Amino acid sequence: MKIVTICGAGIGSSGILKVNAERVLARLDIEADVVAADVASIAEVGDDAQVILTSAEFVEAIGSTFADVIVIQNHFDQQELTEKLQRSLG
Amino acid sequence: MALPPLPDEAIVIAAEVGDWRAAVHVAGAALVDSGAAREGYGDEMVRMIDEHGPYVVIAPGLVLAHARPGDRVVRDGLAVVTLAEPVPFGHPHNDPVTVVLGLAVESVGGHLESIADLANVFNDASVIPALAAAATPDEIRALMGLTEDA
């Protein structure tokens with residue numbers, strides 16, 4: 001399974017989301033490839049993603065996709081990440 | 001790269017700013033003062049927010065500001081700015097902001113280790129208010145588990 005995290009430059013907030021999503025997935029015993037990317041490359045990187053993790057600001061730019069787009073409010077809140085990932089993947 | 005050291009020049013405590021742009025510029029100036037970035041890096045960080053919105057407010061009270069690697073980056077660097085008064089960035093959930101992190105990265109990919117370090121620090125929700133209340137650079141470094149020199 002592929003999960004893509006998206007932010008403006010593919011460096012900061014998407015990096016935090018990648019790191020914390022990997023930790024949550026490991027705890028849930030779910031195997032996934034988590035890739036951080038900038039919003040400009042979403043068409044290319046998000047093509048085969050099952051889940052896209054991002055901030056509310058990028059939902060419109062991500063546009064229509066087969067992936068489940070999950071908006072994260074607090075990037076450091078593992079509880080929020082866990083609940084939203086479980087809802088999407090469960 | 002692991003998180004870069006945090007010299008005094010990279011720390012600004014209780015900055016008086018009128019708005020979010022000024023807050024980001026203080027972080028930009030701290031990155032320039034500490035030798036991680038060149039003049040204009042603060043403008044680039046502001047431009048990212050102008051372009052994409054207040055998504056940089058990644059947790060309640062905390063901004064992670066950065067631009068892309070490029071001419072304005074000298075080397076990997078981190079700056080920590082606390083604000084005298086909380087400032088709104090226009091984020092629907094995480095406003096107002098009391099702590100601004102400025103980040104400069106030389107290259108994408110190699111920086112994920114330092115991002116993981118940041119996650120280690122801030123996954124503890126008590127760190128943001130503690131940073132906002134810190135009175136000295138040493139307190140800030142202790143909260144972030146960073147040293148003054150490399």
# chains A, B, ... in the order shown; residues from 1 in each chain; ligands from 1
$ interface_residues --of "chain B" --to "chain A" --cutoff "8 Å" --atoms "only C-alpha atoms" --output "list in words"
Met48, His52, Gly53, Pro54, Tyr55, Val56, Ile58, Ala59, Pro60, Leu64, Ala65, His66, Ala67, Arg68, His93, Asn94, Val108, His111, Leu112, Ile115, Ala116, Leu118, Ala119, Phe122, Asn123, Asp124 and Ala125 of chain B
$ residues_around --residues "Ala142 (chain B)" --least-positions-apart "4" --cutoff "12 Å" --atoms "only C-alpha atoms" --output "compact mmCIF listing (two decimals) with N, CA and C atoms, in the first residue's frame"
# COMPACT_ATOMS: atom_id res chain seq x y z
N PRO B 5 22.71 22.27 15.28
CA PRO B 5 22.82 22.91 16.60
C PRO B 5 22.02 24.21 16.62
N LEU B 6 21.82 24.72 17.83
CA LEU B 6 20.99 25.91 17.99
C LEU B 6 21.79 26.98 18.75
N VAL B 121 10.65 15.60 19.38
CA VAL B 121 10.53 16.70 20.34
C VAL B 121 9.06 17.08 20.53
N VAL B 127 5.60 20.55 25.03
CA VAL B 127 6.81 21.28 24.64
C VAL B 127 6.49 22.67 24.07
N ALA B 130 5.79 25.12 26.79
CA ALA B 130 7.02 25.29 27.57
C ALA B 130 8.02 26.17 26.80
N LEU B 131 8.11 25.97 25.50
CA LEU B 131 8.99 26.82 24.69
C LEU B 131 8.50 28.27 24.74
N ALA B 134 9.65 29.90 27.82
CA ALA B 134 11.08 29.85 28.15
C ALA B 134 11.67 31.26 28.18
N ALA B 135 12.58 31.48 29.13
CA ALA B 135 13.15 32.82 29.31
C ALA B 135 14.58 32.93 28.78
N THR B 136 15.25 31.81 28.55
CA THR B 136 16.66 31.85 28.13
C THR B 136 16.90 30.87 26.98
N PRO B 137 17.93 31.16 26.17
CA PRO B 137 18.29 30.22 25.10
C PRO B 137 18.61 28.82 25.64
N ASP B 138 19.22 28.74 26.82
CA ASP B 138 19.53 27.43 27.38
C ASP B 138 18.27 26.61 27.66
N LEU B 146 18.83 20.10 22.12
CA LEU B 146 19.87 20.54 21.18
C LEU B 146 21.00 21.25 21.91
N THR B 147 22.17 21.25 21.25
CA THR B 147 23.33 21.93 21.81
C THR B 147 23.60 23.23 21.08
N GLU B 148 24.48 24.04 21.69
CA GLU B 148 24.79 25.34 21.12
C GLU B 148 25.67 25.19 19.88
$ atom_distance --atom1 "CA of Asp48 (chain A)" --atom2 "CA of Ile30 (chain A)"
17.5 Å
$ residues_around --residues "Tyr41 (chain B)" --least-positions-apart "6" --cutoff "8 Å" --atoms "only C-alpha atoms" --output "short mmCIF file (atom, residue, chain, number, x, y, z; two decimals) with C-alpha atoms, in the first residue's frame"
data_model
loop_
_atom_site.label_atom_id
_atom_site.label_comp_id
_atom_site.auth_asym_id
_atom_site.auth_seq_id
_atom_site.Cartn_x
_atom_site.Cartn_y
_atom_site.Cartn_z
CA GLY B 28 14.39 34.36 8.61
CA VAL B 32 20.73 34.62 8.44
CA ALA B 67 11.40 27.59 1.90
CA ARG B 72 19.47 31.45 -0.21
CA VAL B 73 20.40 28.41 1.87
#
$ select_by_dssp --residues "region 14-88 of chain A" --states "alpha helix (DSSP H)" --output "PyMOL selection string"
chain A and resi 14-28+42-45+59-62+78-88
$ write_last_selection --atoms "C-alpha atoms" --output "PDB file, in the first residue's frame"
ATOM      1  CA  SER A  14       4.656  16.564   4.828  1.00  0.00           C
ATOM      2  CA  GLY A  15       7.913  15.270   6.356  1.00  0.00           C
ATOM      3  CA  ILE A  16       6.407  15.407   9.844  1.00  0.00           C
ATOM      4  CA  LEU A  17       3.305  13.601   8.561  1.00  0.00           C
ATOM      5  CA  LYS A  18       5.463  10.929   6.911  1.00  0.00           C
ATOM      6  CA  VAL A  19       7.514  10.287  10.035  1.00  0.00           C
ATOM      7  CA  ASN A  20       4.493  10.150  12.342  1.00  0.00           C
ATOM      8  CA  ALA A  21       2.362   8.118   9.913  1.00  0.00           C
ATOM      9  CA  GLU A  22       5.151   5.537   9.702  1.00  0.00           C
ATOM     10  CA  ARG A  23       5.218   5.308  13.479  1.00  0.00           C
ATOM     11  CA  VAL A  24       1.446   4.910  13.722  1.00  0.00           C
ATOM     12  CA  LEU A  25       1.370   2.304  10.929  1.00  0.00           C
ATOM     13  CA  ALA A  26       4.142   0.316  12.595  1.00  0.00           C
ATOM     14  CA  ARG A  27       2.137   0.317  15.819  1.00  0.00           C
ATOM     15  CA  LEU A  28      -0.982  -0.805  13.936  1.00  0.00           C
ATOM     16  CA  ILE A  42       0.532  15.149  -6.720  1.00  0.00           C
ATOM     17  CA  ALA A  43      -0.652  13.941 -10.130  1.00  0.00           C
ATOM     18  CA  GLU A  44       2.528  11.935 -10.573  1.00  0.00           C
ATOM     19  CA  VAL A  45       3.143  10.765  -6.991  1.00  0.00           C
ATOM     20  CA  VAL A  59      -7.421  19.546  -0.589  1.00  0.00           C
ATOM     21  CA  GLU A  60      -8.610  21.697  -3.470  1.00  0.00           C
ATOM     22  CA  ALA A  61      -5.264  21.576  -5.266  1.00  0.00           C
ATOM     23  CA  ILE A  62      -5.105  17.788  -4.887  1.00  0.00           C
ATOM     24  CA  GLN A  78      -0.511  10.535  17.065  1.00  0.00           C
ATOM     25  CA  GLN A  79      -3.991   9.924  18.421  1.00  0.00           C
ATOM     26  CA  GLU A  80      -5.558  11.965  15.618  1.00  0.00           C
ATOM     27  CA  LEU A  81      -3.390  10.209  13.020  1.00  0.00           C
ATOM     28  CA  THR A  82      -4.184   6.788  14.445  1.00  0.00           C
ATOM     29  CA  GLU A  83      -7.945   7.360  14.505  1.00  0.00           C
ATOM     30  CA  LYS A  84      -8.084   8.819  11.000  1.00  0.00           C
ATOM     31  CA  LEU A  85      -5.840   6.160   9.475  1.00  0.00           C
ATOM     32  CA  GLN A  86      -7.770   3.382  11.186  1.00  0.00           C
ATOM     33  CA  ARG A  87     -11.056   4.798   9.903  1.00  0.00           C
ATOM     34  CA  SER A  88      -9.681   4.961   6.389  1.00  0.00           C
TER      35      SER A  88
END
$ closest_residue --among "A:Val51, A:Ile6, A:Met1, A:Leu89" --to "Phe66 (chain A)" --atoms "only C-alpha atoms"
A:Val51
$ residues_around --residues "Val4 (chain A)" --least-positions-apart "2" --cutoff "7 Å" --atoms "only C-alpha atoms" --output "PyMOL selection string"
chain A and resi 2+6+34-36+46+49+51-53
$ select_by_dssp --residues "region 30-140 of chain B" --states "strand (DSSP E or B)" --output "VMD selection string"
chain B and resid 37 57 to 59 62 to 66 73 77 to 87 97 to 104
